[in-house]
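Quick notes on the structure that follows.
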Amino acid sequence: MEHKELLAEAVRLATESVENGWGGPFGAVLTRDGSIVARGQNRVLLTGDPTAHAEMETIRKAIQILNPEAPSIAVEHQNESTLEYVPRPPGSPDPVPERARMLQGTSIYISGAPCPMCMSAIYWSRIDAVYYSCDLEDTAKIGFDDSFQYEDFKKPLDQRRIKIEQIYPEMGAESYATWTNRPDKHPY
């Protein structure tokens, strides 16, 4: 499928979400080699889940499709499917020599530019490319303005809108040490 067809499917999903009262005008499709792997649409109003954005729903569905052993992937199967190890890209500052592939080799088509949460999920998923129709300014004009988040992220922690404070670091250090000392950990 071509870019235009894939984006048209994302927009169709977005429109369907609005028409059915499921959520905002956001739809997404995840592709590999020009074929659709998974589809998603905004379902915040349907579920009451503020993370039920089109991109998040699409990523979750893709993982379910690509990992037939999920949700309980046995240790002996962790180097398969999206958890298969791939080498660190040349020039990467990543200290780990290899990590799980996740969704490398895929692209996502979205009716609107991703919000900060969705863009973070796209980075963590290692999706190769993002294609969208409406930009952040268009999205703000219809009542979905994320600019305050981008501005807030630039501030020191003690100046942000939401209180962020480190407490009892020694407590968290215990689980970090458990991860560090696990001989068969699977970096992702």
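Chain labels run A, B, ... following the order of the structure tokens; each chain numbers its residues from 1, and ligands are numbered from 1 in the order shown.
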
Please extract the residues of segment 96-186 of chain A with a backbone DSSP assignment of helix (DSSP H, G or I) and present them as number ranges by chain.
A: 116-125, 136-141, 147-153, 157-159, 169-181

Please give the complete set of residues from segment 6-162 of chain A that DSSP, run on the backbone, assigns to strand (DSSP E), formatted as number ranges by chain.
A: 27-32, 35-41, 85-87, 98-100, 107-112, 129-134

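The shortest atom-to-atom distance to His186 of chain A, with only C-alpha atoms taken into account, belongs to A:Arg99 out of A:Lys4, A:Lys61, A:His53, A:Arg99.
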
Contacts of Leu83 of chain A at 7 Å or less, counting only C-alpha atoms, minus same-chain residues fewer than 2 places along, as a list of chain:residue names?
A:Gln78, A:Asn79, A:Glu80, A:Ser81, A:Tyr85, A:Ala100, A:Arg101, A:Met102

Output for the residues just chosen: all heavy atoms as an mmCIF file, in the first residue's frame:
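Final output, saved to out.cif:
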```
data_model
loop_
_atom_site.group_PDB
_atom_site.id
_atom_site.type_symbol
_atom_site.label_atom_id
_atom_site.label_comp_id
_atom_site.auth_asym_id
_atom_site.auth_seq_id
_atom_site.Cartn_x
_atom_site.Cartn_y
_atom_site.Cartn_z
ATOM 1 N N GLN A 78 12.158 -15.550 24.974
ATOM 2 C CA GLN A 78 12.332 -14.101 25.009
ATOM 3 C C GLN A 78 13.187 -13.553 23.874
ATOM 4 O O GLN A 78 13.154 -12.363 23.622
ATOM 5 C CB GLN A 78 12.900 -13.658 26.366
ATOM 6 C CG GLN A 78 11.836 -13.658 27.439
ATOM 7 C CD GLN A 78 12.342 -13.086 28.737
ATOM 8 O OE1 GLN A 78 13.537 -12.950 28.954
ATOM 9 N NE2 GLN A 78 11.417 -12.749 29.598
ATOM 10 N N ASN A 79 13.944 -14.386 23.201
ATOM 11 C CA ASN A 79 14.741 -13.879 22.081
ATOM 12 C C ASN A 79 14.039 -14.151 20.755
ATOM 13 O O ASN A 79 14.668 -14.388 19.725
ATOM 14 C CB ASN A 79 16.150 -14.478 22.073
ATOM 15 C CG ASN A 79 17.095 -13.660 21.224
ATOM 16 O OD1 ASN A 79 16.903 -12.466 21.039
ATOM 17 N ND2 ASN A 79 18.114 -14.299 20.688
ATOM 18 N N GLU A 80 12.720 -14.113 20.770
ATOM 19 C CA GLU A 80 11.919 -14.320 19.572
ATOM 20 C C GLU A 80 10.992 -13.133 19.365
ATOM 21 O O GLU A 80 10.783 -12.330 20.261
ATOM 22 C CB GLU A 80 11.084 -15.602 19.722
ATOM 23 C CG GLU A 80 11.920 -16.849 19.884
ATOM 24 C CD GLU A 80 11.091 -18.083 20.237
ATOM 25 O OE1 GLU A 80 9.854 -18.035 20.134
ATOM 26 O OE2 GLU A 80 11.712 -19.078 20.636
ATOM 27 N N SER A 81 10.437 -13.043 18.203
ATOM 28 C CA SER A 81 9.450 -12.016 17.872
ATOM 29 C C SER A 81 9.967 -10.617 18.184
ATOM 30 O O SER A 81 11.101 -10.316 17.864
ATOM 31 C CB SER A 81 8.121 -12.326 18.581
ATOM 32 O OG SER A 81 7.089 -11.603 17.976
ATOM 33 N N TYR A 85 16.858 -10.111 20.037
ATOM 34 C CA TYR A 85 17.971 -9.159 20.163
ATOM 35 C C TYR A 85 18.423 -8.634 18.806
ATOM 36 O O TYR A 85 18.514 -9.390 17.836
ATOM 37 C CB TYR A 85 19.182 -9.827 20.812
ATOM 38 C CG TYR A 85 19.131 -9.913 22.319
ATOM 39 C CD1 TYR A 85 19.575 -11.045 22.959
ATOM 40 C CD2 TYR A 85 18.672 -8.857 23.093
ATOM 41 C CE1 TYR A 85 19.564 -11.142 24.335
ATOM 42 C CE2 TYR A 85 18.652 -8.946 24.464
ATOM 43 C CZ TYR A 85 19.096 -10.082 25.085
ATOM 44 O OH TYR A 85 19.088 -10.169 26.445
ATOM 45 N N ALA A 100 16.253 -5.698 22.693
ATOM 46 C CA ALA A 100 15.132 -6.299 21.985
ATOM 47 C C ALA A 100 14.735 -5.415 20.800
ATOM 48 O O ALA A 100 14.744 -4.185 20.890
ATOM 49 C CB ALA A 100 13.949 -6.475 22.930
ATOM 50 N N ARG A 101 14.390 -6.044 19.706
ATOM 51 C CA ARG A 101 14.051 -5.353 18.458
ATOM 52 C C ARG A 101 12.804 -4.487 18.585
ATOM 53 O O ARG A 101 12.689 -3.445 17.981
ATOM 54 C CB ARG A 101 13.859 -6.386 17.345
ATOM 55 C CG ARG A 101 13.427 -5.794 16.020
ATOM 56 C CD ARG A 101 13.382 -6.835 14.904
ATOM 57 N NE ARG A 101 12.766 -8.080 15.246
ATOM 58 C CZ ARG A 101 11.456 -8.329 15.182
ATOM 59 N NH1 ARG A 101 10.632 -7.413 14.783
ATOM 60 N NH2 ARG A 101 10.979 -9.505 15.527
ATOM 61 N N MET A 102 11.831 -4.951 19.360
ATOM 62 C CA MET A 102 10.532 -4.290 19.494
ATOM 63 C C MET A 102 9.894 -4.133 18.107
ATOM 64 O O MET A 102 9.742 -5.104 17.417
ATOM 65 C CB MET A 102 10.637 -2.972 20.257
ATOM 66 C CG MET A 102 11.110 -3.137 21.677
ATOM 67 S SD MET A 102 10.005 -4.215 22.605
ATOM 68 C CE MET A 102 10.732 -4.171 24.194
#
```

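Interatomic distance, atom CA of Ala177 of chain A against atom CA of Glu165 of chain A: 21.4 Å.
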
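Distances from A:Ile164, A:Cys115, A:Leu7, A:Met56 to Glu137 of chain A were compared using only C-alpha atoms, and the smallest one belongs to A:Cys115.
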
Can you tell me which residues surround Ala14 of chain A at a distance of at most 9 Å, considering only C-alpha atoms, apart from same-chain residues fewer than 3 positions away, and format the answer as JSON, numbers by chain?
{"A": [9, 10, 11, 17, 18, 19, 23, 24, 25, 26, 27, 28, 40, 41, 42, 54, 110, 111]}

Between atom CA of Tyr150 of chain A and atom CA of Leu13 of chain A, what is the distance, to one decimal in Å?
26.7 Å

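Among A:Arg39, A:Pro169, A:Pro187, A:Lys155, the residue with the shortest atom-to-atom distance to Pro95 of chain A, counting only C-alpha atoms, is A:Pro187.
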
Contacts of segment 120-154 of chain A with segment 104-108 of chain A up to 12 Å, shortest pair per row, only C-alpha atoms, as JSON lines:
```
{"residue": "A:Ala121", "atom": "CA", "partner": "A:Ile108", "partner_atom": "CA", "distance": 11.6}
{"residue": "A:Ile122", "atom": "CA", "partner": "A:Ile108", "partner_atom": "CA", "distance": 8.6}
{"residue": "A:Tyr123", "atom": "CA", "partner": "A:Gln104", "partner_atom": "CA", "distance": 10.1}
{"residue": "A:Trp124", "atom": "CA", "partner": "A:Gln104", "partner_atom": "CA", "distance": 10.2}
{"residue": "A:Ser125", "atom": "CA", "partner": "A:Gln104", "partner_atom": "CA", "distance": 7.4}
{"residue": "A:Arg126", "atom": "CA", "partner": "A:Gln104", "partner_atom": "CA", "distance": 5.2}
{"residue": "A:Ile127", "atom": "CA", "partner": "A:Gln104", "partner_atom": "CA", "distance": 5.2}
{"residue": "A:Asp128", "atom": "CA", "partner": "A:Ser107", "partner_atom": "CA", "distance": 5.6}
{"residue": "A:Ala129", "atom": "CA", "partner": "A:Ser107", "partner_atom": "CA", "distance": 4.7}
{"residue": "A:Val130", "atom": "CA", "partner": "A:Ile108", "partner_atom": "CA", "distance": 5.0}
{"residue": "A:Tyr131", "atom": "CA", "partner": "A:Ile108", "partner_atom": "CA", "distance": 6.2}
{"residue": "A:Tyr132", "atom": "CA", "partner": "A:Ile108", "partner_atom": "CA", "distance": 8.3}
{"residue": "A:Ser133", "atom": "CA", "partner": "A:Ile108", "partner_atom": "CA", "distance": 11.6}
```

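The gap separating atom CA of Ala38 of chain A from atom CA of Gln64 of chain A is 9.4 Å, in Å to one decimal.
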
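Considering only C-alpha atoms, the residue among A:Ala113, A:Cys118, A:Ser175, A:Lys185 positioned nearest to Leu136 of chain A is A:Ala113.
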